[in-house]
Structure formats: structure tokens, C-alpha cells
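**Student:** First, the structure itself, so that you have it in front of you.
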Amino acid sequence: MLEARITRMKTRRWALLAGMIALAMGGAAVAWWLLRNEPPRNDAYAFVQVADAFRSPVYLTHAGDARLFVVEKAGRILILEGGQVRSVPFLDIEARVTSSGSEQGLLSLAFPPDYATSGLFYVYYNTGPAGDSVVARYRVSAADPNQADPASETRILEVPQPFPNHNGGLLKFGPDGYLYIGLGDGGSAGDPQNHGQDPATLLGTLLRLDVSDPSVPYRIPPDNPFVDDPTRAPEIWAYGLRNPWRFSFDRATGHLFIGDVGQGGWEEINHQVAGSPGGENYGWNLYEGDERFADRAAPPGAELVFPVATYAHGNLLDPRRAHCSVTGGYVYRGAALPELQGTYFTAIGVRARSGRWSALARAGRRGTSWILALT
């Protein structure tokens, strides 16, 4: 079931929150986290079902028109248009996708700013026995805008994965037109290979690539922070991340928000101000949230950037329900619900279904000012 709309109960006006689908893996319960100054009324909003024709949907996006594209974990992308799901997938690459692990699969889709003229788009998926990460470029069919050509694949990036979890998985074009890619630390627990604090590897990072020239896989943007440092990977935009499952740019300000899944104690939202030169080290695995995790030194010259918000496992929905994981969300900039302007929505997955959703007011790094539960 896709529940991707939130409505004001009395007026029934809609505002699409596309990021909500991102927490569908594993049958997670749903919670929404608001970083704002005041809570809305606790009887003002409710979830409304949009469609229910999907198998393990993990992401939803658009191509600049009326269609919505739903990414399924097993390897299909479906089109939702006018409230109906098209029977033929936009893209079906199940034969190439490794989705046996709980965090593996076809994980995201990104349309570049020039998609209407280029017909090119990008997907992220795991493949092979080890579930290695692949970022691939595809082309839409010249004869049918609702069909992509599965034979048009060009792999632009392949990253070996030492373990089946912590793949990151989001592709997104930033306000600067570059392609941003979230990669987890490679998995297991505790980052045993110390990828988070090793900017020579692509694991545990946010990458920034120039894919504007289809004649090459990608180019390194000349202002990437490590482009002139031979000891660090030039693709890296930021590092020190454990599992940046979802992130987004505020379309009004350009600020970047990253939801980074925690180890066992703290979940976190990281922030990068618009205009940053990049190179931020968000601290994993030296820190989980803003608490010390490992007794290791940061790379030379690194200055750690702590989260703008954290929460402890179990303290949002029910102290007895552990194993929460954060899903990075979106800053609301729609017109239908002006009282939510500038509110950052994120989702929280828990192992047991609670039937509730919650909102958290920002009060420093950890403070929970209020919790709003809707049944």
C-alpha cells in the first residue's frame, strides 16, 4: 500500500509527500518527524491511501510532469498517473538485481534536469552474489514515453560491497545540476573496516558527479572538495556517514538534509548549508549521533560536523519498541498547507507496527519538545 498524501481533515486539501514511500521496506511502521517551532493540532491531519498495487516499494519520484514513478525493491519501476497504476512497468530489471538481503535491491531513480530532451535517467541497484552497488544510466523508448529500454544500460559506477547491509541507495540531482549518490559504510556492524573515516574509499560517503556528458561515465566537478588531494577519492562530497538511506535538498533554500541510520543508540539528521564547499565529516564511526562511539582519531585536518537533530531508539513511538531507523525526508514547500511551510518531514521505521505517526519539534540536538500521535 502506498500512503503518500497527508490531508487537512476538514478541508480535504492534498499535499503530496513523496518521501514517505521510502520506508516501506520490511513492513516498517510509519512516523513523521517535524522540525518546527510549534506543533500543529493533533486532530488536523490524517493519512490517505493513494494506491496499493506495489510489491515492496522503496522510493517515489517524478520526471517533471504529472506522472509518479514508484521503485520496487525487486527491480521494477511502475508509473502512477491519474490515480491509476500502469500495467506495464516503466522499467523491469529484476534479472539483474540482487534483492535477497533486507537492504538490497533496486533502491532509487533520478531524472536529470534535461530529461525532457535527453531521455536519460539513472538508477541505483545491487547486483551479483555480493550485492555490489551499481549506478546505471538508461534511456527512455523513443516510441513510448512510458517505457524505458532495458537494453540501453550503461553502468557509470560500480562499488564492491563487503557485506549485504548499509548500501545507502539514493540518487538525486542537486540544485547545481550534479548527481549526488549516498553510499553506506559497507555494512556489518560498527564499521569494522573503518570506511566512514577513510575518505580514500567511496563507502560511507555522499558522492557528487557530473553526468552531463553521456559520452563518458562521469566527470569530477572541478570544485569537489578533494579533487586536488591524491590521498582522497575525488568523487566524495561529504563523508563520515553510516547509512544515508535518504536525503533531500530544500527547494527554497538549497540546504541539504541527510537521514543517517544509526547503529543501536541514536538516529540522526545531518545538515549541509547551501553554498557549502563540501568536505564535511559527519563523524561516523567516531560518533553515533553526538555520542562517542569508537576510540579512533579523525583523518588529519578533519573537523567533525554534528547532527542538527538526533533521537534515541524507542523514545518516539514506544519505549518498548527498539530498532528504529530514520528515513530522510523533505522540507514542505507546497501551497496547500501554508501552516506547514518550512517544516521538515522525515519518517521513522520500527520493527513492530504501532498504527501511529508522530511529530518531533526541534529543540537542540536531542530535545523532544512534543510528540503528536494520530490514530
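Starting from 1 in every chain, residues are counted up; chains themselves are A, B, ... following the order of the C-alpha cells, and ligands are numbered from 1 as listed.
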If you count only C-alpha atoms, which residues fall within 10 Å of Asn165 in chain A, apart from same-chain ones fewer than 5 positions away, as a list in words?

**Tutor:**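 Residues near the query, excluding close chain neighbours: Gly101, Ser102, Glu103, Gln104, Gly131, Gly184, Asp185, Gly186, Gly187, Ser188, Ala189 and Asn243 of chain A.
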
**Student:** Near Asn285 in chain A, counting only C-alpha atoms, which residues have an atom at most 8 Å away, once you skip same-chain residues fewer than 4 positions from it, shown as a ChimeraX atom specification?

**Tutor:** /A:190-191,194,196-197,240-242,293-294

**Student:** Go ahead and save the picked residues with C-alpha atoms, as a compact mmCIF listing (two decimals), in the first residue's frame.

**Tutor:**
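This went into result03.txt:
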# COMPACT_ATOMS: atom_id res chain seq x y z
CA GLY A 190 30.25 -0.86 13.93
CA ASP A 191 32.03 -0.23 10.60
CA ASN A 194 36.61 1.91 9.23
CA GLY A 196 33.34 6.02 7.47
CA GLN A 197 36.59 7.75 8.40
CA GLY A 240 31.61 10.09 7.88
CA LEU A 241 28.19 8.55 7.14
CA ARG A 242 26.92 5.17 8.30
CA PHE A 293 31.29 5.54 19.54
CA ALA A 294 34.87 4.49 18.73

**Student:** Taking the DSSP assignment computed from this structure's backbone, write out as a short mmCIF file (atom, residue, chain, number, x, y, z; two decimals) with N, CA and C atoms, in the first residue's frame all residues of range 27-186 of chain A that belong to strand (DSSP E).

**Tutor:**
data_model
loop_
_atom_site.label_atom_id
_atom_site.label_comp_id
_atom_site.auth_asym_id
_atom_site.auth_seq_id
_atom_site.Cartn_x
_atom_site.Cartn_y
_atom_site.Cartn_z
N TRP A 32 6.17 10.36 11.36
CA TRP A 32 6.69 11.55 10.70
C TRP A 32 7.29 12.48 11.73
N TRP A 33 8.43 13.01 11.41
CA TRP A 33 9.17 13.85 12.33
C TRP A 33 9.19 15.26 11.76
N LEU A 34 8.71 16.23 12.52
CA LEU A 34 8.67 17.60 12.06
C LEU A 34 9.68 18.42 12.84
N LEU A 35 10.57 19.08 12.13
CA LEU A 35 11.46 20.04 12.76
C LEU A 35 10.83 21.42 12.58
N TYR A 45 -4.68 16.29 10.83
CA TYR A 45 -4.16 15.62 9.65
C TYR A 45 -4.41 14.13 9.73
N ALA A 46 -4.43 13.51 8.58
CA ALA A 46 -4.59 12.05 8.50
C ALA A 46 -3.95 11.54 7.23
N PHE A 47 -3.60 10.26 7.21
CA PHE A 47 -3.06 9.63 6.01
C PHE A 47 -4.20 9.15 5.12
N VAL A 48 -3.99 9.23 3.82
CA VAL A 48 -4.97 8.78 2.84
C VAL A 48 -4.28 7.84 1.86
N PRO A 57 7.55 -1.34 -2.26
CA PRO A 57 8.00 -0.08 -2.83
C PRO A 57 8.99 0.61 -1.90
N VAL A 58 10.04 1.19 -2.46
CA VAL A 58 11.08 1.81 -1.64
C VAL A 58 11.35 3.28 -1.98
N TYR A 59 10.80 3.75 -3.09
CA TYR A 59 11.06 5.14 -3.46
C TYR A 59 10.01 5.60 -4.46
N LEU A 60 9.75 6.91 -4.44
CA LEU A 60 8.81 7.52 -5.36
C LEU A 60 9.39 8.85 -5.80
N THR A 61 9.29 9.14 -7.10
CA THR A 61 9.77 10.41 -7.62
C THR A 61 8.97 10.79 -8.87
N HIS A 62 9.37 11.87 -9.52
CA HIS A 62 8.66 12.33 -10.71
C HIS A 62 9.69 12.76 -11.75
N LEU A 68 3.95 9.83 -11.53
CA LEU A 68 4.77 9.45 -10.41
C LEU A 68 5.40 8.09 -10.71
N PHE A 69 6.67 7.95 -10.38
CA PHE A 69 7.42 6.73 -10.66
C PHE A 69 7.72 6.04 -9.34
N VAL A 70 7.25 4.80 -9.21
CA VAL A 70 7.38 4.04 -7.97
C VAL A 70 8.41 2.93 -8.18
N VAL A 71 9.45 2.95 -7.34
CA VAL A 71 10.54 1.98 -7.43
C VAL A 71 10.24 0.82 -6.49
N GLU A 72 10.24 -0.39 -7.03
CA GLU A 72 10.06 -1.60 -6.23
C GLU A 72 11.41 -2.26 -5.97
N ARG A 76 11.56 -3.45 -10.33
CA ARG A 76 10.65 -2.82 -11.28
C ARG A 76 10.42 -1.36 -10.90
N ILE A 77 10.13 -0.56 -11.94
CA ILE A 77 9.68 0.82 -11.75
C ILE A 77 8.32 0.94 -12.42
N LEU A 78 7.31 1.33 -11.65
CA LEU A 78 5.95 1.46 -12.15
C LEU A 78 5.55 2.93 -12.21
N ILE A 79 4.59 3.22 -13.09
CA ILE A 79 4.09 4.59 -13.25
C ILE A 79 2.70 4.69 -12.65
N LEU A 80 2.53 5.69 -11.79
CA LEU A 80 1.24 6.02 -11.21
C LEU A 80 0.80 7.34 -11.84
N GLU A 81 -0.34 7.31 -12.51
CA GLU A 81 -0.81 8.50 -13.22
C GLU A 81 -2.32 8.59 -13.10
N GLN A 84 -4.10 5.89 -11.18
CA GLN A 84 -4.04 4.53 -11.70
C GLN A 84 -2.59 4.10 -11.94
N VAL A 85 -2.33 2.82 -11.70
CA VAL A 85 -1.00 2.27 -11.95
C VAL A 85 -1.00 1.60 -13.32
N LEU A 91 10.23 0.26 -16.26
CA LEU A 91 11.49 -0.47 -16.39
C LEU A 91 11.41 -1.72 -15.53
N ASP A 92 11.88 -2.83 -16.07
CA ASP A 92 11.92 -4.09 -15.33
C ASP A 92 13.31 -4.69 -15.49
N LEU A 106 16.70 -2.82 -6.02
CA LEU A 106 16.63 -1.59 -6.81
C LEU A 106 16.17 -0.51 -5.84
N LEU A 107 17.02 0.47 -5.56
CA LEU A 107 16.80 1.34 -4.42
C LEU A 107 16.38 2.76 -4.77
N SER A 108 16.70 3.24 -5.97
CA SER A 108 16.24 4.59 -6.30
C SER A 108 16.36 4.88 -7.78
N LEU A 109 15.86 6.05 -8.14
CA LEU A 109 15.74 6.50 -9.53
C LEU A 109 15.89 8.01 -9.53
N ALA A 110 16.60 8.55 -10.52
CA ALA A 110 16.74 10.01 -10.62
C ALA A 110 16.65 10.44 -12.07
N LEU A 120 17.37 10.51 -20.82
CA LEU A 120 18.25 9.69 -19.99
C LEU A 120 17.84 9.78 -18.53
N PHE A 121 18.01 8.68 -17.80
CA PHE A 121 17.75 8.69 -16.36
C PHE A 121 18.69 7.69 -15.69
N TYR A 122 18.69 7.69 -14.36
CA TYR A 122 19.68 6.94 -13.60
C TYR A 122 19.01 6.12 -12.51
N VAL A 123 19.53 4.92 -12.27
CA VAL A 123 19.02 4.06 -11.20
C VAL A 123 20.19 3.55 -10.37
N TYR A 124 19.87 3.18 -9.14
CA TYR A 124 20.83 2.58 -8.23
C TYR A 124 20.31 1.21 -7.84
N TYR A 125 21.14 0.16 -7.98
CA TYR A 125 20.72 -1.17 -7.55
C TYR A 125 21.91 -2.00 -7.11
N ASN A 126 21.61 -3.09 -6.39
CA ASN A 126 22.62 -4.07 -6.00
C ASN A 126 22.59 -5.23 -6.98
N THR A 127 23.75 -5.82 -7.21
CA THR A 127 23.82 -6.91 -8.17
C THR A 127 24.91 -7.90 -7.78
N ASP A 132 26.96 -6.01 -4.96
CA ASP A 132 27.70 -4.79 -5.23
C ASP A 132 26.78 -3.68 -5.71
N SER A 133 27.15 -2.44 -5.42
CA SER A 133 26.32 -1.29 -5.78
C SER A 133 26.62 -0.84 -7.20
N VAL A 134 25.57 -0.58 -7.96
CA VAL A 134 25.68 -0.13 -9.34
C VAL A 134 24.83 1.12 -9.52
N VAL A 135 25.42 2.12 -10.14
CA VAL A 135 24.67 3.27 -10.64
C VAL A 135 24.70 3.18 -12.16
N ALA A 136 23.53 3.11 -12.77
CA ALA A 136 23.45 2.88 -14.21
C ALA A 136 22.57 3.93 -14.87
N ARG A 137 22.91 4.22 -16.12
CA ARG A 137 22.14 5.17 -16.93
C ARG A 137 21.30 4.38 -17.93
N TYR A 138 20.05 4.79 -18.10
CA TYR A 138 19.14 4.19 -19.08
C TYR A 138 18.54 5.28 -19.95
N ARG A 139 17.91 4.83 -21.02
CA ARG A 139 17.24 5.75 -21.95
C ARG A 139 15.79 5.34 -22.11
N VAL A 140 14.91 6.33 -22.15
CA VAL A 140 13.51 6.06 -22.40
C VAL A 140 13.31 5.69 -23.86
N ALA A 148 10.86 2.44 -20.77
CA ALA A 148 12.30 2.59 -20.91
C ALA A 148 12.87 1.39 -21.64
N ASP A 149 14.05 1.56 -22.20
CA ASP A 149 14.71 0.48 -22.93
C ASP A 149 15.66 -0.24 -21.98
N PRO A 150 15.34 -1.46 -21.53
CA PRO A 150 16.22 -2.16 -20.59
C PRO A 150 17.57 -2.53 -21.19
N ALA A 151 17.67 -2.53 -22.52
CA ALA A 151 18.94 -2.85 -23.18
C ALA A 151 19.85 -1.64 -23.30
N SER A 152 19.40 -0.49 -22.84
CA SER A 152 20.19 0.74 -23.02
C SER A 152 21.13 1.01 -21.84
N GLU A 153 21.26 0.07 -20.94
CA GLU A 153 22.04 0.32 -19.72
C GLU A 153 23.50 0.63 -19.99
N THR A 154 23.99 1.68 -19.33
CA THR A 154 25.41 1.99 -19.23
C THR A 154 25.73 2.15 -17.76
N ARG A 155 26.58 1.29 -17.24
CA ARG A 155 26.96 1.39 -15.83
C ARG A 155 28.00 2.50 -15.69
N ILE A 156 27.67 3.50 -14.89
CA ILE A 156 28.61 4.61 -14.73
C ILE A 156 29.45 4.49 -13.47
N LEU A 157 28.99 3.66 -12.52
CA LEU A 157 29.74 3.49 -11.28
C LEU A 157 29.41 2.13 -10.68
N GLU A 158 30.44 1.40 -10.25
CA GLU A 158 30.27 0.13 -9.56
C GLU A 158 31.15 0.14 -8.31
N VAL A 159 30.54 -0.17 -7.17
CA VAL A 159 31.24 -0.13 -5.90
C VAL A 159 31.09 -1.49 -5.22
N LEU A 171 19.84 8.29 -5.27
CA LEU A 171 20.37 9.19 -6.30
C LEU A 171 19.50 10.43 -6.33
N LYS A 172 20.13 11.59 -6.44
CA LYS A 172 19.34 12.82 -6.53
C LYS A 172 20.17 13.90 -7.20
N PHE A 173 19.54 14.63 -8.12
CA PHE A 173 20.21 15.77 -8.74
C PHE A 173 20.03 16.98 -7.84
N LEU A 179 24.89 15.08 -9.95
CA LEU A 179 24.26 13.89 -9.40
C LEU A 179 24.90 13.55 -8.06
N TYR A 180 24.07 13.48 -7.00
CA TYR A 180 24.53 13.12 -5.67
C TYR A 180 24.13 11.66 -5.40
N ILE A 181 25.04 10.90 -4.78
CA ILE A 181 24.84 9.47 -4.54
C ILE A 181 25.18 9.18 -3.09
N GLY A 182 24.25 8.55 -2.36
CA GLY A 182 24.51 8.16 -0.98
C GLY A 182 24.97 6.73 -0.90
N LEU A 183 26.10 6.50 -0.25
CA LEU A 183 26.65 5.15 -0.06
C LEU A 183 26.88 4.90 1.42
#

**Student:** Counting only C-alpha atoms, which of A:Ala302, A:Ala347, A:Val227, A:Ala95 gets nearest to Gly75 in chain A?

**Tutor:** A:Ala95

**Student:** Expressed in Å to a single decimal, how great is the separation between CA of Gly204 in chain A and CA of Pro221 in chain A?

**Tutor:**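 That distance, rounded to one decimal, is 19.6 Å.
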
**Student:** Have a look at CA of Leu337 in chain A and CA of Thr310 in chain A and let me know their distance in Å, one decimal.

**Tutor:** 26.2 Å

**Student:** Identify which of the residues A:Leu170, A:Asp176, A:Ile236, A:Arg219 lies closest to Leu202 in chain A, counting only C-alpha atoms when measuring atom-to-atom distances.

**Tutor:**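 Looking only at the distances to Leu202 in chain A, the closest residue turns out to be A:Ile236.
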